[in-house]
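Peer 1: Before we start, here is the structure in question, set down as structure tokens.
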Number of protein chains: 2
Amino acid sequence: MKDIKIFAPATVANVSCGFDAMGFALDNLGDTMIFRKNKDRSIRINKIEGAKLPFDIYKNASGYVAKKMLVDAEANFGIDIEIYKKYKPGSGLGSSAASSSGTAFAINELLDRKYTQLELVKYAMLGEEVACGSQIADNVAAALYGGFILVRSYSPLDIISIPTPAELYVTVIHPQIMVKTLDGRNVLPKKVKLKKAIKQWANLGGLVSGLCLNDYDLIARSIEDVIAEPVRKLFIPHFDLVKESVTDCGGLAAGISGSGPSIFALSKGQEQAQKVKEAMNKVYQDKGIEYNLYVSKIGMEGVRTL
Amino acid sequence: MKDIKIFAPATVANVSCGFDAMGFALDNLGDTMIFRKNKDRSIRINKIEGAKLPFDIYKNASGYVAKKMLVDAEANFGIDIEIYKKYKPGSGLGSSAASSSGTAFAINELLDRKYTQLELVKYAMLGEEVACGSQIADNVAAALYGGFILVRSYSPLDIISIPTPAELYVTVIHPQIMVKTLDGRNVLPKKVKLKKAIKQWANLGGLVSGLCLNDYDLIARSIEDVIAEPVRKLFIPHFDLVKESVTDCGGLAAGISGSGPSIFALSKGQEQAQKVKEAMNKVYQDKGIEYNLYVSKIGMEGVRTL
């Protein structure tokens, strides 16, 4: 194989009660990337469309992951990279994770699948560090595994694929405002009341069992974040109104995607997810803030060859 | 129906990372109770064998639950109760929960199943309050539902049945020392580090998915309690030695049952559970502390008519 073109999905991390532990991939929203082997063993980013990102491979998530993987594999080739960003960075939809996991997947293909899926997650986490400052696994694992994932442990790294009900859809609204991941981190409490923590893990148990048991109603009841959402929602204009509009029109539940500003909502079936989109649109249409709306099935495949 | 004889199982609550949220029932360890209708509409406890418990129905979990259910149902009969405790109260194996849930089940049968299962949990929780001072749901829900349960929420009460792998067995060692539930509560921190809380809920997600997916290895990896066990194990002599002995001989994992002093260990298959029993025995045999050992399948049926 001399070159490969791949799709790297947008991802929702945190998933309310699954804060810092769960994530899932979208099916139809994500970046396209092209990787071409070269003989002079250099790593070059030749094209970035759709976002302003550094071409320096030590500052670019994709470039850095490619470099690290090729060096570790003692590869006898280099890589030319083209990145086509199809949604905006800073959305809370794992933009850097798409680059990192897409690169890890593609380079592995070009290396005749030298690495395991878990190793790919570890490489992609290096890209997250370059882009966001820390080796967070939830977005990249969701992008690489597809469907819902649980980061059970970081040391050792343990990623669990959680079964995903067939009719589960997600609607996302991305208000075009800036929320830096770092700001989102800084508002989090260092300590939480034990009672609240118990509530959170009881809900996470409910969410995981709801997903495993195809119980949409249980999923809806369990998606509640008593720890991060109450402080982070303050960064997101009209969050409560959007959330209310989701359940009012029959959506299952809503929460903050990643550290925001995007808000995700789960629905049973595509038709319902469209209704949620309209409801979100109604909330935002006259507020003077630009926004994008997306509807997608949960992406069961994750990163894939095009 | 004029009378009924029932079996009310012992239960393990907390289940490590499932602290204050999960529980499961044993299959072959539990109390026997007999309930006989009477015409003079009085509630009487006529016999208690195997433990020193109050006969005053307002101080006895069983008597109190019976009274409340019959008054609420405006029943035209009273009840004579006989209680045969087959394991010791104060063990951490839900002794009062067996009485409370056994009573709720039996009275409901005598009332021609007037109440739903969730209502029975609520009545049994009143018995827990009489016996332990608070309306804790995990033991009584495990006893009534059987198998593994999750108390997702108290308000409104939401009990989730978690699928249980067919070959899952539990071994329990009950060192005959006193640990009051209240003491166990008092050592718990009011606040916990967010990082620890995240670790706990990531493990709980792992445990729930391990149970749902029949993944014994995942169950083993996930049974880790970073919040209650580190402080509560100090009340239980040789806890670390027992825990080590469990995994050394091939058991899946071990933890504190309820607030102790019993230690539970899960195993795949009865043979392995017996090996764990021998390993636990070896740790305790020369320590000068009396103890009981039990091996049981996970009790899928819960409280049942004999």
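Going by the structure tokens order, chains are called A, B, ..., each with residues numbered from 1, while ligands are numbered from 1 in the order shown.
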Give the residues of chain A that lie within 7 Å of chain B; count only C-alpha atoms, and format the answer as an MDAnalysis selection string.
Peer 2: chainID A and resid 20:21 151:152 162 190:194 197:198 201:206 208:209 212
Peer 1: Which parts of stretch 123-187 of chain B does DSSP call strand (DSSP E or B) when run on the backbone here, written out as a PyMOL selection string?
Peer 2: chain B and resi 148-154+157-162+168-175
Peer 1: Only N, CA and C atoms, please: the residues just picked out, written as a PDB file, in the first residue's frame.
Peer 2:
```pdb
ATOM      1  N   PHE B 148     -27.679  -9.484  40.363  1.00  0.00           N
ATOM      2  CA  PHE B 148     -27.049  -8.190  40.623  1.00  0.00           C
ATOM      3  C   PHE B 148     -28.055  -7.070  40.405  1.00  0.00           C
ATOM      4  N   ILE B 149     -28.060  -6.099  41.278  1.00  0.00           N
ATOM      5  CA  ILE B 149     -28.910  -4.916  41.081  1.00  0.00           C
ATOM      6  C   ILE B 149     -28.080  -3.647  41.233  1.00  0.00           C
ATOM      7  N   LEU B 150     -28.606  -2.611  40.591  1.00  0.00           N
ATOM      8  CA  LEU B 150     -28.037  -1.277  40.728  1.00  0.00           C
ATOM      9  C   LEU B 150     -29.130  -0.356  41.248  1.00  0.00           C
ATOM     10  N   VAL B 151     -28.831   0.361  42.328  1.00  0.00           N
ATOM     11  CA  VAL B 151     -29.756   1.402  42.780  1.00  0.00           C
ATOM     12  C   VAL B 151     -29.349   2.671  42.047  1.00  0.00           C
ATOM     13  N   ARG B 152     -29.998   2.911  40.881  1.00  0.00           N
ATOM     14  CA  ARG B 152     -29.578   4.061  40.079  1.00  0.00           C
ATOM     15  C   ARG B 152     -29.948   5.373  40.754  1.00  0.00           C
ATOM     16  N   SER B 153     -31.097   5.390  41.378  1.00  0.00           N
ATOM     17  CA  SER B 153     -31.559   6.633  41.999  1.00  0.00           C
ATOM     18  C   SER B 153     -32.463   6.318  43.185  1.00  0.00           C
ATOM     19  N   TYR B 154     -32.399   7.180  44.195  1.00  0.00           N
ATOM     20  CA  TYR B 154     -33.300   7.054  45.349  1.00  0.00           C
ATOM     21  C   TYR B 154     -34.545   7.918  45.167  1.00  0.00           C
ATOM     22  N   LEU B 157     -37.074   6.336  43.332  1.00  0.00           N
ATOM     23  CA  LEU B 157     -36.367   5.065  43.484  1.00  0.00           C
ATOM     24  C   LEU B 157     -36.334   4.327  42.144  1.00  0.00           C
ATOM     25  N   ASP B 158     -35.142   3.932  41.721  1.00  0.00           N
ATOM     26  CA  ASP B 158     -34.978   3.289  40.413  1.00  0.00           C
ATOM     27  C   ASP B 158     -33.989   2.127  40.568  1.00  0.00           C
ATOM     28  N   ILE B 159     -34.505   0.923  40.502  1.00  0.00           N
ATOM     29  CA  ILE B 159     -33.684  -0.271  40.689  1.00  0.00           C
ATOM     30  C   ILE B 159     -33.495  -0.952  39.336  1.00  0.00           C
ATOM     31  N   ILE B 160     -32.245  -1.214  38.962  1.00  0.00           N
ATOM     32  CA  ILE B 160     -31.951  -1.835  37.677  1.00  0.00           C
ATOM     33  C   ILE B 160     -31.405  -3.246  37.906  1.00  0.00           C
ATOM     34  N   SER B 161     -32.015  -4.228  37.256  1.00  0.00           N
ATOM     35  CA  SER B 161     -31.477  -5.592  37.283  1.00  0.00           C
ATOM     36  C   SER B 161     -30.338  -5.679  36.278  1.00  0.00           C
ATOM     37  N   ILE B 162     -29.158  -6.065  36.754  1.00  0.00           N
ATOM     38  CA  ILE B 162     -28.011  -6.216  35.858  1.00  0.00           C
ATOM     39  C   ILE B 162     -27.853  -7.704  35.546  1.00  0.00           C
ATOM     40  N   LEU B 168     -21.038 -17.413  37.654  1.00  0.00           N
ATOM     41  CA  LEU B 168     -20.473 -16.555  38.696  1.00  0.00           C
ATOM     42  C   LEU B 168     -20.826 -17.075  40.095  1.00  0.00           C
ATOM     43  N   TYR B 169     -19.804 -17.315  40.888  1.00  0.00           N
ATOM     44  CA  TYR B 169     -19.963 -17.794  42.261  1.00  0.00           C
ATOM     45  C   TYR B 169     -19.334 -16.802  43.228  1.00  0.00           C
ATOM     46  N   VAL B 170     -19.835 -16.855  44.467  1.00  0.00           N
ATOM     47  CA  VAL B 170     -19.250 -16.006  45.496  1.00  0.00           C
ATOM     48  C   VAL B 170     -18.785 -16.861  46.679  1.00  0.00           C
ATOM     49  N   THR B 171     -17.640 -16.500  47.211  1.00  0.00           N
ATOM     50  CA  THR B 171     -17.156 -17.089  48.455  1.00  0.00           C
ATOM     51  C   THR B 171     -17.135 -15.973  49.482  1.00  0.00           C
ATOM     52  N   VAL B 172     -17.588 -16.279  50.698  1.00  0.00           N
ATOM     53  CA  VAL B 172     -17.615 -15.250  51.740  1.00  0.00           C
ATOM     54  C   VAL B 172     -16.932 -15.774  52.993  1.00  0.00           C
ATOM     55  N   ILE B 173     -16.104 -14.949  53.589  1.00  0.00           N
ATOM     56  CA  ILE B 173     -15.601 -15.245  54.928  1.00  0.00           C
ATOM     57  C   ILE B 173     -16.166 -14.207  55.878  1.00  0.00           C
ATOM     58  N   HIS B 174     -16.766 -14.705  56.960  1.00  0.00           N
ATOM     59  CA  HIS B 174     -17.317 -13.808  57.974  1.00  0.00           C
ATOM     60  C   HIS B 174     -16.527 -13.967  59.270  1.00  0.00           C
ATOM     61  N   PRO B 175     -15.566 -13.075  59.490  1.00  0.00           N
ATOM     62  CA  PRO B 175     -14.850 -13.094  60.768  1.00  0.00           C
ATOM     63  C   PRO B 175     -15.811 -12.610  61.859  1.00  0.00           C
TER      64      PRO B 175
END
```
Peer 1: Write out as a list in words the residues lying within 10 Å of A:Asp31, counting only C-alpha atoms and excluding same-chain residues fewer than 3 positions away.
Peer 2: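 My reading of the contact set: Ile6, Phe7, Ala8, Pro9, Ala10, Asn28, Glu49, Gly50, Ile83, Tyr84, Lys85, Lys86, Tyr87, Lys88, Ser95, Ala98, Ser99, Gly102 and Val303 of chain A.
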Peer 1: So how far away is atom CA of A:Ser296 from atom CA of A:Gly251, in Å?
Peer 2: 13.8 Å
Peer 1: With distances taken over only C-alpha atoms, which of B:Ser134, B:Asn281, B:Ser101, B:Ser91 is nearest to B:Ile236?
Peer 2: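 Comparing B:Ser134, B:Asn281, B:Ser101, B:Ser91 against B:Ile236, the winner is B:Ser91.
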Peer 1: Please provide as a PDB file with C-alpha atoms, in the first residue's frame all residues within 8 Å of stretch 70-76 of chain B, with the sequence filter that same-chain residues fewer than 2 positions apart are discarded (counting only C-alpha atoms).
Peer 2:
```pdb
ATOM      1  CA  LYS B  39     -58.290 -13.154  62.476  1.00  0.00           C
ATOM      2  CA  ARG B  41     -55.798  -8.396  63.118  1.00  0.00           C
ATOM      3  CA  ALA B  66     -45.689  -6.337  58.146  1.00  0.00           C
ATOM      4  CA  LYS B  67     -47.578  -3.773  60.201  1.00  0.00           C
ATOM      5  CA  LYS B  68     -47.095  -0.987  57.670  1.00  0.00           C
ATOM      6  CA  GLY B  78     -53.290  -9.982  61.170  1.00  0.00           C
ATOM      7  CA  ILE B 107     -47.082 -10.198  53.074  1.00  0.00           C
ATOM      8  CA  LEU B 111     -52.360  -9.860  49.990  1.00  0.00           C
TER       9      LEU B 111
END
```
Peer 1: Enter the distance from atom CA of B:Ser16 to atom CA of B:Gln117, in Å, rounded to one decimal.
Peer 2: 25.7 Å
Peer 1: Any chance you could list, as a PyMOL selection string, the residues in stretch 27-248 of chain A that come up helix (DSSP H, G or I) when DSSP is run on the backbone?
Peer 2: chain A and resi 61-72+95-110+117-132+138-145+181-186+194-212+216-222+229-235+239-248
Peer 1: Using only C-alpha atoms, which residues sit within 10 Å of B:Lys277 once same-chain residues fewer than 2 positions away are excluded, as a count of residues only?
Peer 2: 21
Peer 1: Residues within 9 Å of A:Ile177, please, as a list in words. Count only C-alpha atoms; anything in the same chain fewer than 4 positions from it doesn't count.
Peer 2: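 Skipping anything fewer than 4 positions along the chain leaves Gly90, Ser91, Ile236, Pro261, Ile289, Glu290 and Tyr291 of chain A.
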Peer 1: Using only C-alpha atoms, find the one residue out of A:Ala131, A:Leu118, A:Val12, A:Ala143 that sits nearest to A:Ser62.
Peer 2: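 Residue with the minimum atom-to-atom distance to A:Ser62: A:Ala131.
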